[in-house]
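Peer 1: my_file_26.pdb is reproduced in full below (PDB, C-alpha atoms).
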ATOM      1  CA  MET A   1     -93.660   1.885  98.738
ATOM      2  CA  ASN A   2     -93.317   0.810 102.373
ATOM      3  CA  ALA A   3     -89.785   2.179 102.448
ATOM      4  CA  ALA A   4     -91.105   5.515 101.145
ATOM      5  CA  ILE A   5     -93.935   5.576 103.720
ATOM      6  CA  ARG A   6     -91.421   4.867 106.468
ATOM      7  CA  ALA A   7     -89.181   7.695 105.253
ATOM      8  CA  VAL A   8     -92.050  10.209 105.057
ATOM      9  CA  VAL A   9     -93.324   9.327 108.534
ATOM     10  CA  ARG A  10     -89.925   9.454 110.204
ATOM     11  CA  GLY A  11     -88.863  12.503 108.212
ATOM     12  CA  ALA A  12     -91.932  14.327 109.518
ATOM     13  CA  VAL A  13     -91.401  13.149 113.104
ATOM     14  CA  TYR A  14     -87.738  14.195 112.934
ATOM     15  CA  ASN A  15     -88.841  17.697 111.922
ATOM     16  CA  GLY A  16     -91.499  17.935 114.626
ATOM     17  CA  VAL A  17     -94.432  17.652 112.229
ATOM     18  CA  ARG A  18     -97.603  15.633 112.945
ATOM     19  CA  ILE A  19     -98.124  12.951 110.318
ATOM     20  CA  PHE A  20    -101.200  10.972 109.314
ATOM     21  CA  GLY A  21    -101.607   7.875 107.174
ATOM     22  CA  ILE A  22    -104.509   7.672 104.728
ATOM     23  CA  LYS A  23    -105.618   4.105 104.015
ATOM     24  CA  ARG A  24    -106.586   3.065 100.462
ATOM     25  CA  GLY A  25    -105.387   6.249  98.775
ATOM     26  CA  TYR A  26    -107.910   8.808  97.601
ATOM     27  CA  GLN A  27    -110.816   6.512  98.505
ATOM     28  CA  GLY A  28    -109.616   6.469 102.096
ATOM     29  CA  MET A  29    -109.480  10.254 102.026
ATOM     30  CA  LEU A  30    -113.147  10.277 100.972
ATOM     31  CA  ASP A  31    -114.123   7.696 103.602
ATOM     32  CA  ASP A  32    -112.163   9.420 106.391
ATOM     33  CA  ASP A  33    -109.982   6.317 106.801
ATOM     34  CA  ILE A  34    -107.232   8.446 108.321
ATOM     35  CA  GLU A  35    -105.108   7.843 111.411
ATOM     36  CA  GLU A  36    -102.196   9.589 113.063
ATOM     37  CA  MET A  37     -98.835   7.846 112.740
ATOM     38  CA  HIS A  38     -95.683   7.843 114.835
ATOM     39  CA  SER A  39     -92.137   6.606 114.400
ATOM     40  CA  ARG A  40     -93.053   3.141 115.678
ATOM     41  CA  SER A  41     -95.998   2.957 113.282
ATOM     42  CA  VAL A  42     -93.561   2.147 110.481
ATOM     43  CA  SER A  43     -91.263  -0.275 112.297
ATOM     44  CA  ASN A  44     -90.306  -3.447 110.428
ATOM     45  CA  ILE A  45     -91.873  -2.539 107.079
ATOM     46  CA  ILE A  46     -88.863  -1.542 104.976
ATOM     47  CA  HIS A  47     -88.374  -5.129 103.791
ATOM     48  CA  ALA A  48     -92.042  -5.786 102.943
ATOM     49  CA  GLY A  49     -93.506  -5.570  99.452
ATOM     50  CA  GLY A  50     -96.726  -3.731  98.635
ATOM     51  CA  THR A  51     -97.926  -0.962 100.935
ATOM     52  CA  MET A  52     -99.089  -1.035 104.565
ATOM     53  CA  LEU A  53    -101.522   1.776 103.761
ATOM     54  CA  LYS A  54    -103.135  -0.267 100.966
ATOM     55  CA  SER A  55    -104.251   1.160  97.656
ATOM     56  CA  ALA A  56    -107.549   1.547  95.810
ATOM     57  CA  ARG A  57    -109.054   3.210  92.759
ATOM     58  CA  SER A  58    -111.583   5.949  93.468
ATOM     59  CA  LYS A  59    -114.221   7.009  90.942
ATOM     60  CA  ASP A  60    -115.690   9.518  93.395
ATOM     61  CA  PHE A  61    -112.383  11.389  93.687
ATOM     62  CA  ARG A  62    -112.666  12.198  89.992
ATOM     63  CA  THR A  63    -115.689  14.367  90.763
ATOM     64  CA  GLU A  64    -115.602  17.863  92.223
ATOM     65  CA  GLU A  65    -118.055  16.803  94.932
ATOM     66  CA  GLY A  66    -115.852  13.877  95.920
ATOM     67  CA  ARG A  67    -112.731  16.025  96.135
ATOM     68  CA  LYS A  68    -114.654  18.533  98.291
ATOM     69  CA  ARG A  69    -115.548  15.725 100.713
ATOM     70  CA  ALA A  70    -111.929  14.596 100.782
ATOM     71  CA  PHE A  71    -110.797  18.162 101.513
ATOM     72  CA  ASP A  72    -113.261  18.458 104.406
ATOM     73  CA  ASN A  73    -111.912  15.240 105.931
ATOM     74  CA  LEU A  74    -108.343  16.513 105.714
ATOM     75  CA  LYS A  75    -109.252  19.789 107.411
ATOM     76  CA  LYS A  76    -111.064  17.868 110.169
ATOM     77  CA  HIS A  77    -107.748  16.250 111.083
ATOM     78  CA  GLY A  78    -105.763  19.472 110.663
ATOM     79  CA  ILE A  79    -103.905  18.102 107.643
ATOM     80  CA  ASP A  80    -102.495  20.926 105.535
ATOM     81  CA  ALA A  81    -100.119  19.141 103.124
ATOM     82  CA  LEU A  82     -99.991  15.817 101.288
ATOM     83  CA  VAL A  83     -97.374  13.347 100.095
ATOM     84  CA  VAL A  84     -98.746  10.949  97.476
ATOM     85  CA  ILE A  85     -97.009   7.849  96.119
ATOM     86  CA  GLY A  86     -97.926   6.444  92.713
ATOM     87  CA  GLY A  87     -97.901   6.921  88.964
ATOM     88  CA  ASP A  88     -99.517   9.202  86.418
ATOM     89  CA  GLY A  89    -103.087   8.543  87.630
ATOM     90  CA  THR A  90    -102.134   9.405  91.201
ATOM     91  CA  PHE A  91    -100.300  12.541  90.115
ATOM     92  CA  THR A  92    -103.134  13.704  87.871
ATOM     93  CA  GLY A  93    -105.486  13.526  90.845
ATOM     94  CA  ALA A  94    -102.919  15.221  93.088
ATOM     95  CA  ARG A  95    -102.408  18.100  90.652
ATOM     96  CA  ILE A  96    -106.136  18.778  90.302
ATOM     97  CA  PHE A  97    -106.747  18.460  94.057
ATOM     98  CA  GLY A  98    -103.870  20.794  94.886
ATOM     99  CA  GLU A  99    -105.020  23.416  92.412
ATOM    100  CA  GLU A 100    -108.631  23.290  93.627
ATOM    101  CA  THR A 101    -107.938  23.329  97.371
ATOM    102  CA  GLY A 102    -104.614  25.125  97.682
ATOM    103  CA  ILE A 103    -103.201  22.240  99.738
ATOM    104  CA  PRO A 104     -99.505  21.702  98.915
ATOM    105  CA  VAL A 105     -98.954  18.276  97.351
ATOM    106  CA  VAL A 106     -95.654  16.501  96.659
ATOM    107  CA  GLY A 107     -95.462  13.208  94.781
ATOM    108  CA  VAL A 108     -93.103  10.257  95.051
ATOM    109  CA  PRO A 109     -92.950   8.095  91.896
ATOM    110  CA  GLY A 110     -94.019   4.516  92.535
ATOM    111  CA  THR A 111     -94.536   2.289  89.477
ATOM    112  CA  ILE A 112     -92.752  -0.769  88.089
ATOM    113  CA  ASP A 113     -93.182   0.690  84.581
ATOM    114  CA  ASN A 114     -90.465   3.338  85.221
ATOM    115  CA  ASP A 115     -92.246   5.564  82.695
ATOM    116  CA  LEU A 116     -92.503   8.844  84.613
ATOM    117  CA  TYR A 117     -90.661  11.816  83.137
ATOM    118  CA  GLY A 118     -88.368  13.594  85.574
ATOM    119  CA  THR A 119     -86.761  10.626  87.307
ATOM    120  CA  ASP A 120     -84.263   8.001  86.170
ATOM    121  CA  TYR A 121     -85.853   5.366  88.406
ATOM    122  CA  THR A 122     -89.255   4.883  89.992
ATOM    123  CA  ILE A 123     -89.914   2.930  93.184
ATOM    124  CA  GLY A 124     -90.556  -0.726  92.379
ATOM    125  CA  TYR A 125     -88.844  -0.795  88.997
ATOM    126  CA  ASP A 126     -85.567  -2.340  90.158
ATOM    127  CA  THR A 127     -87.353  -4.982  92.239
ATOM    128  CA  ALA A 128     -89.595  -5.933  89.303
ATOM    129  CA  LEU A 129     -86.562  -5.992  87.035
ATOM    130  CA  ASN A 130     -84.767  -8.486  89.259
ATOM    131  CA  THR A 131     -87.923 -10.601  89.526
ATOM    132  CA  VAL A 132     -88.188 -10.783  85.719
ATOM    133  CA  VAL A 133     -84.512 -11.679  85.281
ATOM    134  CA  GLU A 134     -84.749 -14.448  87.885
ATOM    135  CA  ALA A 135     -87.831 -15.871  86.155
ATOM    136  CA  VAL A 136     -86.236 -15.725  82.683
ATOM    137  CA  ASP A 137     -83.101 -17.458  83.971
ATOM    138  CA  LYS A 138     -85.260 -20.364  85.160
ATOM    139  CA  ILE A 139     -87.234 -20.481  81.920
ATOM    140  CA  ARG A 140     -84.009 -20.594  79.906
ATOM    141  CA  ASP A 141     -83.046 -23.829  81.700
ATOM    142  CA  THR A 142     -86.179 -25.448  80.261
ATOM    143  CA  ALA A 143     -85.743 -23.762  76.876
ATOM    144  CA  THR A 144     -82.187 -25.094  76.557
ATOM    145  CA  ALA A 145     -82.991 -28.611  77.743
ATOM    146  CA  HIS A 146     -85.852 -28.996  75.243
ATOM    147  CA  ASN A 147     -84.600 -26.771  72.410
ATOM    148  CA  ARG A 148     -87.595 -24.454  72.708
ATOM    149  CA  LEU A 149     -88.445 -20.897  71.728
ATOM    150  CA  PHE A 150     -90.029 -18.969  74.581
ATOM    151  CA  PHE A 151     -92.017 -15.740  74.280
ATOM    152  CA  ILE A 152     -92.103 -14.090  77.699
ATOM    153  CA  GLU A 153     -94.507 -11.212  78.276
ATOM    154  CA  VAL A 154     -93.718  -8.616  80.921
ATOM    155  CA  MET A 155     -95.693  -5.678  82.282
ATOM    156  CA  GLY A 156     -95.255  -2.053  81.305
ATOM    157  CA  ARG A 157     -98.508  -0.958  79.641
ATOM    158  CA  ASP A 158     -97.248   1.346  76.864
ATOM    159  CA  ALA A 159     -93.669   1.478  78.142
ATOM    160  CA  GLY A 160     -90.846  -0.925  77.351
ATOM    161  CA  PHE A 161     -88.364  -0.025  80.106
ATOM    162  CA  LEU A 162     -88.909  -3.249  82.052
ATOM    163  CA  ALA A 163     -88.766  -5.482  78.969
ATOM    164  CA  LEU A 164     -85.680  -3.752  77.572
ATOM    165  CA  ARG A 165     -83.453  -3.856  80.623
ATOM    166  CA  SER A 166     -84.539  -7.314  81.739
ATOM    167  CA  GLY A 167     -84.014  -8.588  78.193
ATOM    168  CA  VAL A 168     -80.437  -7.344  78.107
ATOM    169  CA  ALA A 169     -79.755  -8.660  81.625
ATOM    170  CA  SER A 170     -81.122 -12.129  80.845
ATOM    171  CA  GLY A 171     -79.500 -12.488  77.423
ATOM    172  CA  ALA A 172     -82.731 -12.473  75.396
ATOM    173  CA  GLU A 173     -82.387 -13.130  71.683
ATOM    174  CA  ALA A 174     -84.958 -10.449  70.842
ATOM    175  CA  ILE A 175     -86.835  -7.706  72.702
ATOM    176  CA  LEU A 176     -90.132  -6.209  71.529
ATOM    177  CA  VAL A 177     -91.042  -2.809  73.002
ATOM    178  CA  PRO A 178     -93.756  -0.308  72.021
ATOM    179  CA  GLU A 179     -91.355   2.619  71.631
ATOM    180  CA  VAL A 180     -89.478   1.004  68.715
ATOM    181  CA  GLN A 181     -91.226  -0.311  65.609
ATOM    182  CA  THR A 182     -90.472  -3.981  65.006
ATOM    183  CA  ASP A 183     -92.541  -5.626  62.313
ATOM    184  CA  TYR A 184     -93.246  -9.326  62.095
ATOM    185  CA  ASP A 185     -90.877  -9.872  59.157
ATOM    186  CA  GLN A 186     -87.972  -8.501  61.205
ATOM    187  CA  LEU A 187     -88.751 -10.854  64.061
ATOM    188  CA  LYS A 188     -89.090 -13.797  61.671
ATOM    189  CA  GLU A 189     -85.736 -13.045  60.045
ATOM    190  CA  PHE A 190     -84.058 -12.745  63.416
ATOM    191  CA  LEU A 191     -85.425 -16.088  64.594
ATOM    192  CA  GLN A 192     -84.451 -17.805  61.348
ATOM    193  CA  ASN A 193     -80.887 -16.535  61.674
ATOM    194  CA  GLY A 194     -80.696 -17.937  65.192
ATOM    195  CA  TYR A 195     -82.104 -21.249  64.003
ATOM    196  CA  LYS A 196     -79.447 -21.435  61.277
ATOM    197  CA  ARG A 197     -76.748 -20.886  63.898
ATOM    198  CA  ASN A 198     -78.073 -23.954  65.746
ATOM    199  CA  LYS A 199     -78.984 -22.097  68.905
ATOM    200  CA  THR A 200     -80.191 -24.527  71.555
ATOM    201  CA  SER A 201     -82.763 -22.068  72.895
ATOM    202  CA  SER A 202     -84.273 -18.666  72.160
ATOM    203  CA  ILE A 203     -85.904 -16.171  74.491
ATOM    204  CA  VAL A 204     -88.005 -13.265  73.188
ATOM    205  CA  LEU A 205     -89.044 -10.613  75.732
ATOM    206  CA  VAL A 206     -92.348  -8.943  74.832
ATOM    207  CA  ALA A 207     -93.649  -5.768  76.491
ATOM    208  CA  GLU A 208     -97.429  -5.683  76.957
ATOM    209  CA  GLY A 209     -97.879  -2.860  74.465
ATOM    210  CA  ASP A 210     -95.492  -4.039  71.740
ATOM    211  CA  LYS A 211     -96.085  -2.661  68.225
ATOM    212  CA  ILE A 212     -96.563  -6.061  66.561
ATOM    213  CA  GLY A 213     -99.719  -6.375  68.641
ATOM    214  CA  GLY A 214    -101.646  -9.091  70.403
ATOM    215  CA  GLY A 215     -99.093  -9.755  73.093
ATOM    216  CA  ALA A 216     -96.896 -12.822  73.460
ATOM    217  CA  ILE A 217     -99.698 -15.346  72.863
ATOM    218  CA  LYS A 218    -100.733 -13.966  69.450
ATOM    219  CA  ILE A 219     -97.131 -13.584  68.292
ATOM    220  CA  ALA A 220     -96.238 -17.143  69.352
ATOM    221  CA  GLU A 221     -99.313 -18.525  67.565
ATOM    222  CA  LYS A 222     -98.330 -16.772  64.346
ATOM    223  CA  VAL A 223     -94.736 -18.001  64.565
ATOM    224  CA  SER A 224     -95.873 -21.580  65.227
ATOM    225  CA  GLN A 225     -98.271 -21.542  62.269
ATOM    226  CA  GLU A 226     -95.681 -20.279  59.814
ATOM    227  CA  HIS A 227     -92.715 -22.159  61.301
ATOM    228  CA  PRO A 228     -93.738 -25.516  62.776
ATOM    229  CA  GLU A 229     -90.035 -26.328  63.224
ATOM    230  CA  TYR A 230     -90.071 -24.040  66.275
ATOM    231  CA  ASP A 231     -91.331 -25.498  69.532
ATOM    232  CA  ALA A 232     -92.767 -22.166  70.682
ATOM    233  CA  ARG A 233     -94.050 -21.637  74.213
ATOM    234  CA  VAL A 234     -95.448 -18.623  76.062
ATOM    235  CA  THR A 235     -95.026 -17.407  79.624
ATOM    236  CA  ILE A 236     -96.889 -14.346  80.918
ATOM    237  CA  LEU A 237     -95.192 -13.320  84.145
ATOM    238  CA  GLY A 238     -98.139 -11.210  85.286
ATOM    239  CA  HIS A 239     -98.463  -9.971  88.834
ATOM    240  CA  ILE A 240     -95.461 -11.798  90.283
ATOM    241  CA  GLN A 241     -93.590  -8.763  88.918
ATOM    242  CA  ARG A 242     -95.434  -6.482  91.337
ATOM    243  CA  GLY A 243     -94.686  -8.294  94.598
ATOM    244  CA  GLY A 244     -91.896  -9.589  96.749
ATOM    245  CA  SER A 245     -89.323  -8.120  99.071
ATOM    246  CA  PRO A 246     -87.890  -4.899  97.571
ATOM    247  CA  SER A 247     -84.320  -4.743  96.310
ATOM    248  CA  ALA A 248     -81.665  -2.794  98.207
ATOM    249  CA  PHE A 249     -81.644  -0.203  95.414
ATOM    250  CA  ASP A 250     -85.407   0.346  95.726
ATOM    251  CA  ARG A 251     -85.197   0.604  99.513
ATOM    252  CA  VAL A 252     -82.482   3.251  99.361
ATOM    253  CA  SER A 253     -84.148   5.201  96.532
ATOM    254  CA  ALA A 254     -87.528   5.184  98.286
ATOM    255  CA  SER A 255     -85.918   6.281 101.556
ATOM    256  CA  ARG A 256     -84.140   9.187  99.866
ATOM    257  CA  MET A 257     -87.237  10.322  98.009
ATOM    258  CA  GLY A 258     -89.493  10.054 101.071
ATOM    259  CA  VAL A 259     -87.205  12.266 103.149
ATOM    260  CA  ALA A 260     -86.872  14.683 100.202
ATOM    261  CA  ALA A 261     -90.678  14.925  99.916
ATOM    262  CA  VAL A 262     -90.960  16.106 103.534
ATOM    263  CA  ASP A 263     -88.092  18.568 103.038
ATOM    264  CA  ALA A 264     -89.783  19.961  99.917
ATOM    265  CA  LEU A 265     -93.051  20.609 101.752
ATOM    266  CA  LEU A 266     -91.238  22.277 104.653
ATOM    267  CA  LYS A 267     -89.562  24.582 102.117
ATOM    268  CA  GLY A 268     -92.898  25.568 100.598
ATOM    269  CA  GLU A 269     -92.717  23.441  97.427
ATOM    270  CA  ASN A 270     -96.011  22.437  95.827
ATOM    271  CA  ASN A 271     -97.380  20.364  92.949
ATOM    272  CA  ILE A 272     -94.051  18.661  92.238
ATOM    273  CA  MET A 273     -92.743  15.125  91.869
ATOM    274  CA  ILE A 274     -89.584  14.084  93.678
ATOM    275  CA  GLY A 275     -87.218  12.112  91.478
ATOM    276  CA  LEU A 276     -83.683  10.810  91.089
ATOM    277  CA  SER A 277     -81.686  12.243  88.189
ATOM    278  CA  ASN A 278     -78.023  11.331  87.837
ATOM    279  CA  ASN A 279     -78.258   9.941  91.384
ATOM    280  CA  GLN A 280     -79.315  13.348  92.730
ATOM    281  CA  ILE A 281     -82.709  14.355  94.130
ATOM    282  CA  SER A 282     -84.703  16.325  91.553
ATOM    283  CA  HIS A 283     -87.979  18.273  91.562
ATOM    284  CA  THR A 284     -90.285  18.139  88.530
ATOM    285  CA  PRO A 285     -93.643  19.958  88.301
ATOM    286  CA  PHE A 286     -96.580  17.549  88.021
ATOM    287  CA  SER A 287     -97.531  19.217  84.730
ATOM    288  CA  ASP A 288     -94.126  18.337  83.205
ATOM    289  CA  ALA A 289     -94.042  14.822  84.667
ATOM    290  CA  LEU A 290     -97.476  14.106  83.175
ATOM    291  CA  LYS A 291     -97.106  15.933  79.871
ATOM    292  CA  ASN A 292     -93.666  14.791  78.745
ATOM    293  CA  LYS A 293     -92.859  11.289  77.535
ATOM    294  CA  LYS A 294     -89.825   9.645  79.075
ATOM    295  CA  PRO A 295     -87.420   8.520  76.318
ATOM    296  CA  LEU A 296     -86.330   4.902  76.053
ATOM    297  CA  ASN A 297     -82.609   4.210  75.762
ATOM    298  CA  SER A 298     -82.728   2.651  72.290
ATOM    299  CA  HIS A 299     -78.961   2.118  72.442
ATOM    300  CA  LEU A 300     -79.663  -0.840  74.739
ATOM    301  CA  LEU A 301     -81.605  -2.496  71.910
ATOM    302  CA  GLU A 302     -78.549  -2.070  69.732
ATOM    303  CA  VAL A 303     -76.385  -3.604  72.434
ATOM    304  CA  ASN A 304     -78.752  -6.558  72.724
ATOM    305  CA  ASN A 305     -78.756  -7.140  68.956
ATOM    306  CA  ILE A 306     -74.950  -7.300  69.009
ATOM    307  CA  LEU A 307     -74.832  -9.661  71.982
ATOM    308  CA  SER A 308     -77.518 -12.037  70.701
ATOM    309  CA  ILE A 309     -75.559 -13.359  67.708
TER     310      ILE A 309
END
In structure tokens, write the structure found in this file.
Peer 2:
Amino acid sequence: MNAAIRAVVRGAVYNGVRIFGIKRGYQGMLDDDIEEMHSRSVSNIIHAGGTMLKSARSKDFRTEEGRKRAFDNLKKHGIDALVVIGGDGTFTGARIFGEETGIPVVGVPGTIDNDLYGTDYTIGYDTALNTVVEAVDKIRDTATAHNRLFFIEVMGRDAGFLALRSGVASGAEAILVPEVQTDYDQLKEFLQNGYKRNKTSSIVLVAEGDKIGGGAIKIAEKVSQEHPEYDARVTILGHIQRGGSPSAFDRVSASRMGVAAVDALLKGENNIMIGLSNNQISHTPFSDALKNKKPLNSHLLEVNNILSI
């Protein structure tokens, strides 16, 4: 997100537009935590994880009275357009605020889940992906040395993009994602086949919202109860997936989308999300980005099943 903030600030300065930073998202807009920014305001942040502007949830922004207060604060500073960075919650608020106030709003997709319709990649996804793969590689060393079965749970809420791609990249024996129904019997059969082939280790990647249910801990408990021959262990990667220095791909993508967001506003665009489709900048209305479900590439599951024999 810092790379995107840097791109928006410098894109605005380049075009002779005054630019302000709003701390803590919509809550900062309500609290008038707003300050003018300049080119030097975003020096030396492109390599840093997280966001220099911070982030916060805001219950008050969900109310009409709260949004009116936020609007008054924007007008006080002469702000007449917004760039917001986030996921579906951020864009839902942006769409409502834009429709109520008439202020043009453009969104930049920032979520490790990569689940927003209208873009091939969201900011943070590639960095999280590389973090997961690095962690799984280290876990496999232990799994191989001790002949263990590891269930590794990754983030993604109701989306399996992170689990799927990291599973393929790390050579996982099985991948459980919410978009594809995998029942317990299928998993059991798969593990038994691997056991018969004398595999020295097994890695199962589990998305938070997998269809079997209960997450990695519950699945591992069930496997251990029914198959004591497996030395099953669980690792929940948790919030390490959300931090760290961003990958080169994320830095470039965020930079492109930040500049494109400024260009879109200068051209009179409104209520849209900037995205990357087929490596080209794309514009998707908030309504479409929020309403449509992004399809998972199920072919990658097929590829993983072939490669895990």
Peer 1: Starting from the displayed file, determine the output of the PyMOL selection byres ((chain A and resi 282) around 10) and express the residue list as a PDB file with C-alpha atoms, keeping the file's coordinate frame.
Peer 2:
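Resulting contents of part04.pdb:
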ATOM      1  CA  GLY A 118     -88.368  13.594  85.574  1.00  0.00           C
ATOM      2  CA  THR A 119     -86.761  10.626  87.307  1.00  0.00           C
ATOM      3  CA  ASP A 120     -84.263   8.001  86.170  1.00  0.00           C
ATOM      4  CA  MET A 257     -87.237  10.322  98.009  1.00  0.00           C
ATOM      5  CA  ALA A 260     -86.872  14.683 100.202  1.00  0.00           C
ATOM      6  CA  ILE A 272     -94.051  18.661  92.238  1.00  0.00           C
ATOM      7  CA  MET A 273     -92.743  15.125  91.869  1.00  0.00           C
ATOM      8  CA  ILE A 274     -89.584  14.084  93.678  1.00  0.00           C
ATOM      9  CA  GLY A 275     -87.218  12.112  91.478  1.00  0.00           C
ATOM     10  CA  LEU A 276     -83.683  10.810  91.089  1.00  0.00           C
ATOM     11  CA  SER A 277     -81.686  12.243  88.189  1.00  0.00           C
ATOM     12  CA  ASN A 278     -78.023  11.331  87.837  1.00  0.00           C
ATOM     13  CA  ASN A 279     -78.258   9.941  91.384  1.00  0.00           C
ATOM     14  CA  GLN A 280     -79.315  13.348  92.730  1.00  0.00           C
ATOM     15  CA  ILE A 281     -82.709  14.355  94.130  1.00  0.00           C
ATOM     16  CA  HIS A 283     -87.979  18.273  91.562  1.00  0.00           C
ATOM     17  CA  THR A 284     -90.285  18.139  88.530  1.00  0.00           C
TER      18      THR A 284
END
Peer 1: Identify which of the residues A:Val206, A:Leu162, A:Ala172, A:Val259 lies closest to Asn130 in chain A, counting all atoms listed in the file when measuring atom-to-atom distances.
Peer 2: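 With all atoms listed in the file as the atom set, the closest residue is A:Leu162.
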Peer 1: I would like the residues chosen by the PyMOL selection byres ((chain A and resi 203) around 7) on the shown file; could you give them as a list of chain:residue names?
Peer 2: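 The output of the PyMOL selection byres ((chain A and resi 203) around 7) on this file is A:Leu149, A:Phe150, A:Phe151, A:Ala172, A:Glu173, A:Ala174, A:Ser201, A:Ser202, A:Val204, A:Leu205.
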Peer 1: If you measure from CA of Asp88 in chain A to CA of Thr122 in chain A, what distance in Å do you get, rounded to one decimal?
Peer 2: 11.7 Å
Peer 1: Within 10 Å of (-105.4, 6.5, 102.9) in the file's own coordinates, which protein, DNA or RNA residues have an atom, counting only C-alpha atoms? List them as a list of chain:residue names.
Peer 2: A:Phe20, A:Gly21, A:Ile22, A:Lys23, A:Arg24, A:Gly25, A:Tyr26, A:Gln27, A:Gly28, A:Met29, A:Leu30, A:Asp31, A:Asp32, A:Asp33, A:Ile34, A:Glu35, A:Met52, A:Leu53, A:Lys54, A:Ser55, A:Ala56, A:Val84
Peer 1: Evaluate the PyMOL selection byres ((chain A and resi 220-235) around 7) and record the selected residues as a PDB file with C-alpha atoms, in the coordinates of the input, following the chain and residue labels used in the document.
Peer 2:
ATOM      1  CA  ARG A 148     -87.595 -24.454  72.708  1.00  0.00           C
ATOM      2  CA  LEU A 149     -88.445 -20.897  71.728  1.00  0.00           C
ATOM      3  CA  PHE A 150     -90.029 -18.969  74.581  1.00  0.00           C
ATOM      4  CA  PHE A 151     -92.017 -15.740  74.280  1.00  0.00           C
ATOM      5  CA  ILE A 152     -92.103 -14.090  77.699  1.00  0.00           C
ATOM      6  CA  GLU A 153     -94.507 -11.212  78.276  1.00  0.00           C
ATOM      7  CA  ALA A 216     -96.896 -12.822  73.460  1.00  0.00           C
ATOM      8  CA  ILE A 217     -99.698 -15.346  72.863  1.00  0.00           C
ATOM      9  CA  LYS A 218    -100.733 -13.966  69.450  1.00  0.00           C
ATOM     10  CA  ILE A 219     -97.131 -13.584  68.292  1.00  0.00           C
ATOM     11  CA  ILE A 236     -96.889 -14.346  80.918  1.00  0.00           C
ATOM     12  CA  LEU A 237     -95.192 -13.320  84.145  1.00  0.00           C
TER      13      LEU A 237
END
Peer 1: Have a look at CA of Asn73 in chain A and CA of Ala3 in chain A and let me know their distance in Å, one decimal.
Peer 2: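 It comes out at 25.9 Å.
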Peer 1: Please measure the separation of CA of Gly171 in chain A and CA of Ala135 in chain A, giving the value in Å to one decimal.
Peer 2: 12.5 Å
Peer 1: At most 8 Å is the cut-off: for each residue in range 46-124 of chain A with any atom that close to an atom of range 243-247 of chain A, write down the nearest atom pair and the distance in Å rounded to one decimal, counting only C-alpha atoms, chain first then increasing number, as CSV.
Peer 2:
residue,atom,partner,partner_atom,distance
A:His47,CA,A:Ser245,CA,5.7
A:Ala48,CA,A:Ser245,CA,5.3
A:Gly49,CA,A:Ser245,CA,4.9
A:Gly50,CA,A:Gly243,CA,6.4
A:Gly124,CA,A:Pro246,CA,7.2
Peer 1: Please list as an MDAnalysis selection string every residue within 9 Å of range 293-301 of chain A, counting only C-alpha atoms and excluding residues in the same chain fewer than 5 positions away.
Peer 2: chainID A and resid 114:119 159:161 164:165 168 174:175 179:180 306
Peer 1: For Lys267 in chain A, which of A:Val106, A:Val303, A:Ala254, A:Ala7 is the closest residue, counting all atoms listed in the file?
Peer 2: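 Among the listed residues, the smallest separation from Lys267 in chain A belongs to A:Val106.
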Peer 1: Of the candidates A:Asn304, A:Gly268, A:Val105, A:Asp113, which one gets nearest to Gly167 in chain A if we count only C-alpha atoms?
Peer 2: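 Looking only at the distances to Gly167 in chain A, the closest residue turns out to be A:Asn304.
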Peer 1: Can I get range 27-36 of chain A with N, CA and C atoms filled in, as a PDB file, in the frame of the given file?
Peer 2:
ATOM      1  N   GLN A  27    -109.553   7.031  97.985  1.00  0.00           N
ATOM      2  CA  GLN A  27    -110.816   6.512  98.505  1.00  0.00           C
ATOM      3  C   GLN A  27    -110.841   6.602 100.022  1.00  0.00           C
ATOM      4  N   GLY A  28    -109.704   6.347 100.645  1.00  0.00           N
ATOM      5  CA  GLY A  28    -109.616   6.469 102.096  1.00  0.00           C
ATOM      6  C   GLY A  28    -109.769   7.914 102.551  1.00  0.00           C
ATOM      7  N   MET A  29    -109.316   8.835 101.722  1.00  0.00           N
ATOM      8  CA  MET A  29    -109.480  10.254 102.026  1.00  0.00           C
ATOM      9  C   MET A  29    -110.965  10.621 102.014  1.00  0.00           C
ATOM     10  N   LEU A  30    -111.701  10.041 101.070  1.00  0.00           N
ATOM     11  CA  LEU A  30    -113.147  10.277 100.972  1.00  0.00           C
ATOM     12  C   LEU A  30    -113.902   9.628 102.123  1.00  0.00           C
ATOM     13  N   ASP A  31    -113.439   8.455 102.557  1.00  0.00           N
ATOM     14  CA  ASP A  31    -114.123   7.696 103.602  1.00  0.00           C
ATOM     15  C   ASP A  31    -113.635   8.048 105.004  1.00  0.00           C
ATOM     16  N   ASP A  32    -112.745   9.012 105.110  1.00  0.00           N
ATOM     17  CA  ASP A  32    -112.163   9.420 106.391  1.00  0.00           C
ATOM     18  C   ASP A  32    -111.439   8.264 107.074  1.00  0.00           C
ATOM     19  N   ASP A  33    -110.767   7.431 106.262  1.00  0.00           N
ATOM     20  CA  ASP A  33    -109.982   6.317 106.801  1.00  0.00           C
ATOM     21  C   ASP A  33    -108.560   6.839 107.048  1.00  0.00           C
ATOM     22  N   ILE A  34    -108.454   7.681 108.055  1.00  0.00           N
ATOM     23  CA  ILE A  34    -107.232   8.446 108.321  1.00  0.00           C
ATOM     24  C   ILE A  34    -106.843   8.268 109.777  1.00  0.00           C
ATOM     25  N   GLU A  35    -105.553   7.991 110.028  1.00  0.00           N
ATOM     26  CA  GLU A  35    -105.108   7.843 111.411  1.00  0.00           C
ATOM     27  C   GLU A  35    -103.719   8.442 111.590  1.00  0.00           C
ATOM     28  N   GLU A  36    -103.496   8.979 112.780  1.00  0.00           N
ATOM     29  CA  GLU A  36    -102.196   9.589 113.063  1.00  0.00           C
ATOM     30  C   GLU A  36    -101.138   8.491 113.176  1.00  0.00           C
TER      31      GLU A  36
END
